[in-house]
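First the structure, in the form of structure tokens, and then the observations on it.
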Amino acid sequence: MYDDKGQTNDIRLEVKFELVPGDHPKDMTNEAGELWRVGTRRWLHVRSTLTSDREKTGDVFARRKGPFEIKTFDLERDIAWQVELSAYQLYKDTDIYPIFAEFCRKLRVEEIPDETDPLGAPAEGEPDRRRTVKRISYVNFPGMSVETIIMKTKYRYWIHGTSYLFELTRYEHFDTDHVNHLYPDGIAITWKGLRTNHDIRWGATLTNAEWLNILSKQQGLGIGCVGGWDPEIDGFFKSSGVGGFDHPAYTRDRSVLAHGRPDPWGGDGFREMHHRIGEFARMIARIRDDVLTRELEEMGVGPFEFDE
């Protein structure tokens, strides 16, 4: 984005699209008959000063690091995970300048045929039987153009009886250089008919609704100010009273604390958090190994045997 002095500012827009249920007029829906609306959104600053060349790849800036980040590597299962607290700086005055609201108003979720489908384009007069994919349609404005799009599809799983949430996220990275050159400013961009070789990655996150609620109170406070919550580990991490996968079954149905039974975590919420991370890390490693084994079997590769 260019400001009134002609200086370039890199900003990031995070949008949560919400599917509107029911039947809608065709001129309001996408090709699949769906109506998506822009839900929660936030404009964020992107760090423009880099401390090393490794923090920048092409024209994509590195994510802002949070107050702390702990990285762990499980050598036995060959899997890494990290504990982090992300921090963002909101872009101010987005409610003053109409260009921000107008940009969000033009956002659409389109459903188009996948140009990479092996079926190929249909013959003239024949129905298109290719699978469909979702893409983000947008409009560039003079002074504001989209550089990169990352589509996130989240699959959420709550741990029964707790406020812990396990998320699998599919990240699809799209470079917009080609499509931007096809459409002038002010014209809605569509990906229909374009073959995109975008980058797809997966991520997994374990979070807790109570943590998010507590830390969200910091949003309206100044730098250095602390909200009305206990920053100590013992006070911040509360035990749910619900056991993990390797605890007795009765502890996994509901919180045992309400029934006067011993807490499976001994009242140590931090221990519970660390244990649950390990459970999901082991699960992900097991799924990875199962998928690799199945792929090797499909290729006709038998089990490996090693001589001592």
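Residue numbering restarts at 1 in every chain; chains get A, B, ... in the order shown in the structure tokens, and ligands count up from 1 in that same order.
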### Query
Which neighbours of region 219-225 of chain A fall inside 12 Å, counting only C-alpha atoms, when residues of the same chain fewer than 5 positions from it are skipped, and could you give them as a list of chain:residue names?
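Contacts, with the query itself left out: A:Pro67, A:Ala87, A:Tyr88, A:Gln89, A:Leu90, A:Leu212, A:Asn213, A:Ile214, A:Pro231.
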Selection file, N, CA, C and O atoms, as a PDB file, in the first residue's frame:
ATOM      1  N   PRO A  67       6.809 -12.530  22.331  1.00  0.00           N
ATOM      2  CA  PRO A  67       7.654 -12.316  23.512  1.00  0.00           C
ATOM      3  C   PRO A  67       8.526 -13.512  23.847  1.00  0.00           C
ATOM      4  O   PRO A  67       9.614 -13.356  24.376  1.00  0.00           O
ATOM      5  N   ALA A  87       2.635 -12.060  18.874  1.00  0.00           N
ATOM      6  CA  ALA A  87       2.250 -10.677  19.118  1.00  0.00           C
ATOM      7  C   ALA A  87       2.117  -9.950  17.791  1.00  0.00           C
ATOM      8  O   ALA A  87       2.919 -10.152  16.879  1.00  0.00           O
ATOM      9  N   TYR A  88       1.094  -9.123  17.664  1.00  0.00           N
ATOM     10  CA  TYR A  88       0.852  -8.383  16.431  1.00  0.00           C
ATOM     11  C   TYR A  88       0.595  -6.914  16.753  1.00  0.00           C
ATOM     12  O   TYR A  88       0.117  -6.573  17.839  1.00  0.00           O
ATOM     13  N   GLN A  89       0.911  -6.069  15.794  1.00  0.00           N
ATOM     14  CA  GLN A  89       0.649  -4.641  15.929  1.00  0.00           C
ATOM     15  C   GLN A  89      -0.457  -4.261  14.951  1.00  0.00           C
ATOM     16  O   GLN A  89      -0.303  -4.381  13.740  1.00  0.00           O
ATOM     17  N   LEU A  90      -1.592  -3.838  15.494  1.00  0.00           N
ATOM     18  CA  LEU A  90      -2.722  -3.495  14.652  1.00  0.00           C
ATOM     19  C   LEU A  90      -2.435  -2.231  13.850  1.00  0.00           C
ATOM     20  O   LEU A  90      -1.804  -1.294  14.337  1.00  0.00           O
ATOM     21  N   LEU A 212      -6.697 -17.790  25.337  1.00  0.00           N
ATOM     22  CA  LEU A 212      -7.042 -16.762  24.353  1.00  0.00           C
ATOM     23  C   LEU A 212      -7.905 -15.677  24.976  1.00  0.00           C
ATOM     24  O   LEU A 212      -7.737 -14.487  24.687  1.00  0.00           O
ATOM     25  N   ASN A 213      -8.824 -16.070  25.841  1.00  0.00           N
ATOM     26  CA  ASN A 213      -9.689 -15.092  26.499  1.00  0.00           C
ATOM     27  C   ASN A 213      -8.893 -14.178  27.420  1.00  0.00           C
ATOM     28  O   ASN A 213      -9.107 -12.956  27.452  1.00  0.00           O
ATOM     29  N   ILE A 214      -7.945 -14.771  28.146  1.00  0.00           N
ATOM     30  CA  ILE A 214      -7.133 -13.977  29.076  1.00  0.00           C
ATOM     31  C   ILE A 214      -6.231 -13.008  28.323  1.00  0.00           C
ATOM     32  O   ILE A 214      -6.183 -11.807  28.613  1.00  0.00           O
ATOM     33  N   PRO A 231       0.274 -13.603  35.810  1.00  0.00           N
ATOM     34  CA  PRO A 231       1.273 -14.004  34.817  1.00  0.00           C
ATOM     35  C   PRO A 231       2.152 -15.172  35.254  1.00  0.00           C
ATOM     36  O   PRO A 231       2.953 -15.676  34.464  1.00  0.00           O
TER      37      PRO A 231
END
### Task
Write out as a VMD selection string all residues of region 192-286 of chain A that DSSP puts in strand (DSSP E or B) for this structure's backbone.
chain A and resid 199 to 208
### Message
I want to know what sits within 10 Å of Arg156 (chain A), based on only C-alpha atoms, with residues of the same chain fewer than 6 positions away left out; could you give that as a PyMOL selection string?
### Response
chain A and resi 165-169+204-206
### Task
Could you tell me, as an NGL selection string, which residues of region 151-304 of chain A DSSP assigns to helix (DSSP H, G or I) when given the backbone?
:A and (177-182 or 209-218 or 233-236 or 250-253 or 256-259 or 269-298)
### Query
Counting only C-alpha atoms, what is within 12 Å of Asp234 (chain A), bar same-chain residues fewer than 2 positions away, as a list in words?
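With the cut-off at 12 Å, the set is Trp229, Asp230, Pro231, Glu232, Phe236, Phe237, Lys238, Ser239, Gly267, Asp268, Gly269, Phe270, Arg271, Glu272 and Met273 of chain A.
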Residue contacts of Ala121 (chain A) (8 Å, only C-alpha atoms) excluding same-chain residues fewer than 6 positions away, as a PDB file with N, CA, C and O atoms, in the first residue's frame:
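Result file follows (part11.pdb):
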ATOM      1  N   GLU A 115      -8.154 -26.634 -12.493  1.00  0.00           N
ATOM      2  CA  GLU A 115      -7.482 -26.801 -13.784  1.00  0.00           C
ATOM      3  C   GLU A 115      -6.441 -27.912 -13.761  1.00  0.00           C
ATOM      4  O   GLU A 115      -5.955 -28.327 -14.806  1.00  0.00           O
ATOM      5  N   ASP A 128     -19.102 -29.887 -17.042  1.00  0.00           N
ATOM      6  CA  ASP A 128     -17.762 -29.896 -16.452  1.00  0.00           C
ATOM      7  C   ASP A 128     -17.785 -30.779 -15.210  1.00  0.00           C
ATOM      8  O   ASP A 128     -18.424 -30.446 -14.209  1.00  0.00           O
ATOM      9  N   ARG A 130     -15.045 -31.811 -13.556  1.00  0.00           N
ATOM     10  CA  ARG A 130     -13.840 -31.678 -12.748  1.00  0.00           C
ATOM     11  C   ARG A 130     -14.189 -31.291 -11.312  1.00  0.00           C
ATOM     12  O   ARG A 130     -15.217 -30.669 -11.057  1.00  0.00           O
TER      13      ARG A 130
END
### Query
Leaving out region 133-141 of chain A and any residue of its chain fewer than 2 positions from it, which residues lie within 7 Å of it when counting only C-alpha atoms, given as a ChimeraX atom specification?
/A:103,106-114,131,143-146,185-191
Hey, can you spit out that residue selection with N, CA and C atoms as a PDB file, in the first residue's frame?
ATOM      1  N   PHE A 103     -12.231  -2.377   0.208  1.00  0.00           N
ATOM      2  CA  PHE A 103     -11.475  -3.568  -0.158  1.00  0.00           C
ATOM      3  C   PHE A 103     -12.128  -4.815   0.441  1.00  0.00           C
ATOM      4  N   LYS A 106     -15.314  -6.003  -1.288  1.00  0.00           N
ATOM      5  CA  LYS A 106     -15.147  -6.636  -2.594  1.00  0.00           C
ATOM      6  C   LYS A 106     -14.621  -8.069  -2.504  1.00  0.00           C
ATOM      7  N   LEU A 107     -14.271  -8.512  -1.328  1.00  0.00           N
ATOM      8  CA  LEU A 107     -13.735  -9.862  -1.188  1.00  0.00           C
ATOM      9  C   LEU A 107     -14.831 -10.899  -1.421  1.00  0.00           C
ATOM     10  N   ARG A 108     -14.485 -11.964  -2.136  1.00  0.00           N
ATOM     11  CA  ARG A 108     -15.417 -13.036  -2.427  1.00  0.00           C
ATOM     12  C   ARG A 108     -14.709 -14.385  -2.324  1.00  0.00           C
ATOM     13  N   VAL A 109     -15.477 -15.433  -2.058  1.00  0.00           N
ATOM     14  CA  VAL A 109     -14.974 -16.805  -2.123  1.00  0.00           C
ATOM     15  C   VAL A 109     -15.624 -17.457  -3.331  1.00  0.00           C
ATOM     16  N   GLU A 110     -14.840 -17.715  -4.371  1.00  0.00           N
ATOM     17  CA  GLU A 110     -15.388 -18.324  -5.576  1.00  0.00           C
ATOM     18  C   GLU A 110     -15.116 -19.825  -5.589  1.00  0.00           C
ATOM     19  N   GLU A 111     -15.986 -20.551  -6.252  1.00  0.00           N
ATOM     20  CA  GLU A 111     -15.861 -22.007  -6.393  1.00  0.00           C
ATOM     21  C   GLU A 111     -15.702 -22.283  -7.882  1.00  0.00           C
ATOM     22  N   ILE A 112     -14.514 -22.735  -8.283  1.00  0.00           N
ATOM     23  CA  ILE A 112     -14.210 -22.870  -9.707  1.00  0.00           C
ATOM     24  C   ILE A 112     -13.652 -24.252 -10.007  1.00  0.00           C
ATOM     25  N   PRO A 113     -13.724 -24.697 -11.267  1.00  0.00           N
ATOM     26  CA  PRO A 113     -13.128 -25.998 -11.623  1.00  0.00           C
ATOM     27  C   PRO A 113     -11.620 -25.986 -11.414  1.00  0.00           C
ATOM     28  N   ASP A 114     -11.119 -27.103 -10.936  1.00  0.00           N
ATOM     29  CA  ASP A 114      -9.682 -27.253 -10.708  1.00  0.00           C
ATOM     30  C   ASP A 114      -8.990 -27.563 -12.038  1.00  0.00           C
ATOM     31  N   ARG A 131     -13.334 -31.676 -10.395  1.00  0.00           N
ATOM     32  CA  ARG A 131     -13.539 -31.259  -9.014  1.00  0.00           C
ATOM     33  C   ARG A 131     -13.413 -29.733  -8.935  1.00  0.00           C
ATOM     34  N   GLY A 143      -2.990   2.350  -5.395  1.00  0.00           N
ATOM     35  CA  GLY A 143      -2.350   2.534  -4.098  1.00  0.00           C
ATOM     36  C   GLY A 143      -2.475   1.342  -3.174  1.00  0.00           C
ATOM     37  N   MET A 144      -3.308   0.361  -3.519  1.00  0.00           N
ATOM     38  CA  MET A 144      -3.443  -0.835  -2.688  1.00  0.00           C
ATOM     39  C   MET A 144      -3.569  -2.058  -3.586  1.00  0.00           C
ATOM     40  N   SER A 145      -2.577  -2.933  -3.563  1.00  0.00           N
ATOM     41  CA  SER A 145      -2.608  -4.144  -4.380  1.00  0.00           C
ATOM     42  C   SER A 145      -2.173  -5.337  -3.541  1.00  0.00           C
ATOM     43  N   VAL A 146      -2.709  -6.496  -3.886  1.00  0.00           N
ATOM     44  CA  VAL A 146      -2.446  -7.731  -3.150  1.00  0.00           C
ATOM     45  C   VAL A 146      -1.172  -8.375  -3.670  1.00  0.00           C
ATOM     46  N   ASP A 185      -6.676  -2.241 -12.092  1.00  0.00           N
ATOM     47  CA  ASP A 185      -7.237  -1.803 -10.815  1.00  0.00           C
ATOM     48  C   ASP A 185      -8.733  -1.534 -10.957  1.00  0.00           C
ATOM     49  N   GLY A 186      -9.484  -1.927  -9.919  1.00  0.00           N
ATOM     50  CA  GLY A 186     -10.913  -1.683  -9.914  1.00  0.00           C
ATOM     51  C   GLY A 186     -11.744  -2.802 -10.504  1.00  0.00           C
ATOM     52  N   ILE A 187     -11.113  -3.812 -11.104  1.00  0.00           N
ATOM     53  CA  ILE A 187     -11.822  -4.932 -11.715  1.00  0.00           C
ATOM     54  C   ILE A 187     -11.649  -6.172 -10.839  1.00  0.00           C
ATOM     55  N   ALA A 188     -12.765  -6.863 -10.571  1.00  0.00           N
ATOM     56  CA  ALA A 188     -12.717  -8.053  -9.720  1.00  0.00           C
ATOM     57  C   ALA A 188     -11.871  -9.136 -10.371  1.00  0.00           C
ATOM     58  N   ILE A 189     -10.936  -9.662  -9.618  1.00  0.00           N
ATOM     59  CA  ILE A 189     -10.024 -10.701 -10.100  1.00  0.00           C
ATOM     60  C   ILE A 189     -10.642 -12.073  -9.860  1.00  0.00           C
ATOM     61  N   THR A 190     -10.572 -12.931 -10.868  1.00  0.00           N
ATOM     62  CA  THR A 190     -11.013 -14.314 -10.729  1.00  0.00           C
ATOM     63  C   THR A 190      -9.890 -15.246 -11.152  1.00  0.00           C
ATOM     64  N   TRP A 191      -9.834 -16.400 -10.509  1.00  0.00           N
ATOM     65  CA  TRP A 191      -8.819 -17.404 -10.824  1.00  0.00           C
ATOM     66  C   TRP A 191      -9.343 -18.439 -11.813  1.00  0.00           C
TER      67      TRP A 191
END
### Summary
Using only C-alpha atoms, the shortest atom-to-atom distance to Ser216 (chain A) among A:Leu85, A:Leu194, A:Val179, A:Ile287 belongs to A:Leu85
### Task
Find the distance between CA of Arg41 (chain A) and CA of Glu14 (chain A) and write it in Å to one decimal.
5.4 Å
### Message
With only C-alpha atoms as the counted atoms, please give the residues lying no more than 10 Å from Pro21 (chain A), apart from itself and same-chain residues fewer than 6 positions off, as number ranges by chain.
### Response
A: 34-36
Could you please take those selected residues and save C-alpha atoms as a PDB file, in the first residue's frame?
ATOM      1  CA  GLU A  34     -22.790 -20.626  -1.494  1.00  0.00           C
ATOM      2  CA  LEU A  35     -22.808 -17.189   0.076  1.00  0.00           C
ATOM      3  CA  TRP A  36     -19.733 -16.275   2.088  1.00  0.00           C
TER       4      TRP A  36
END
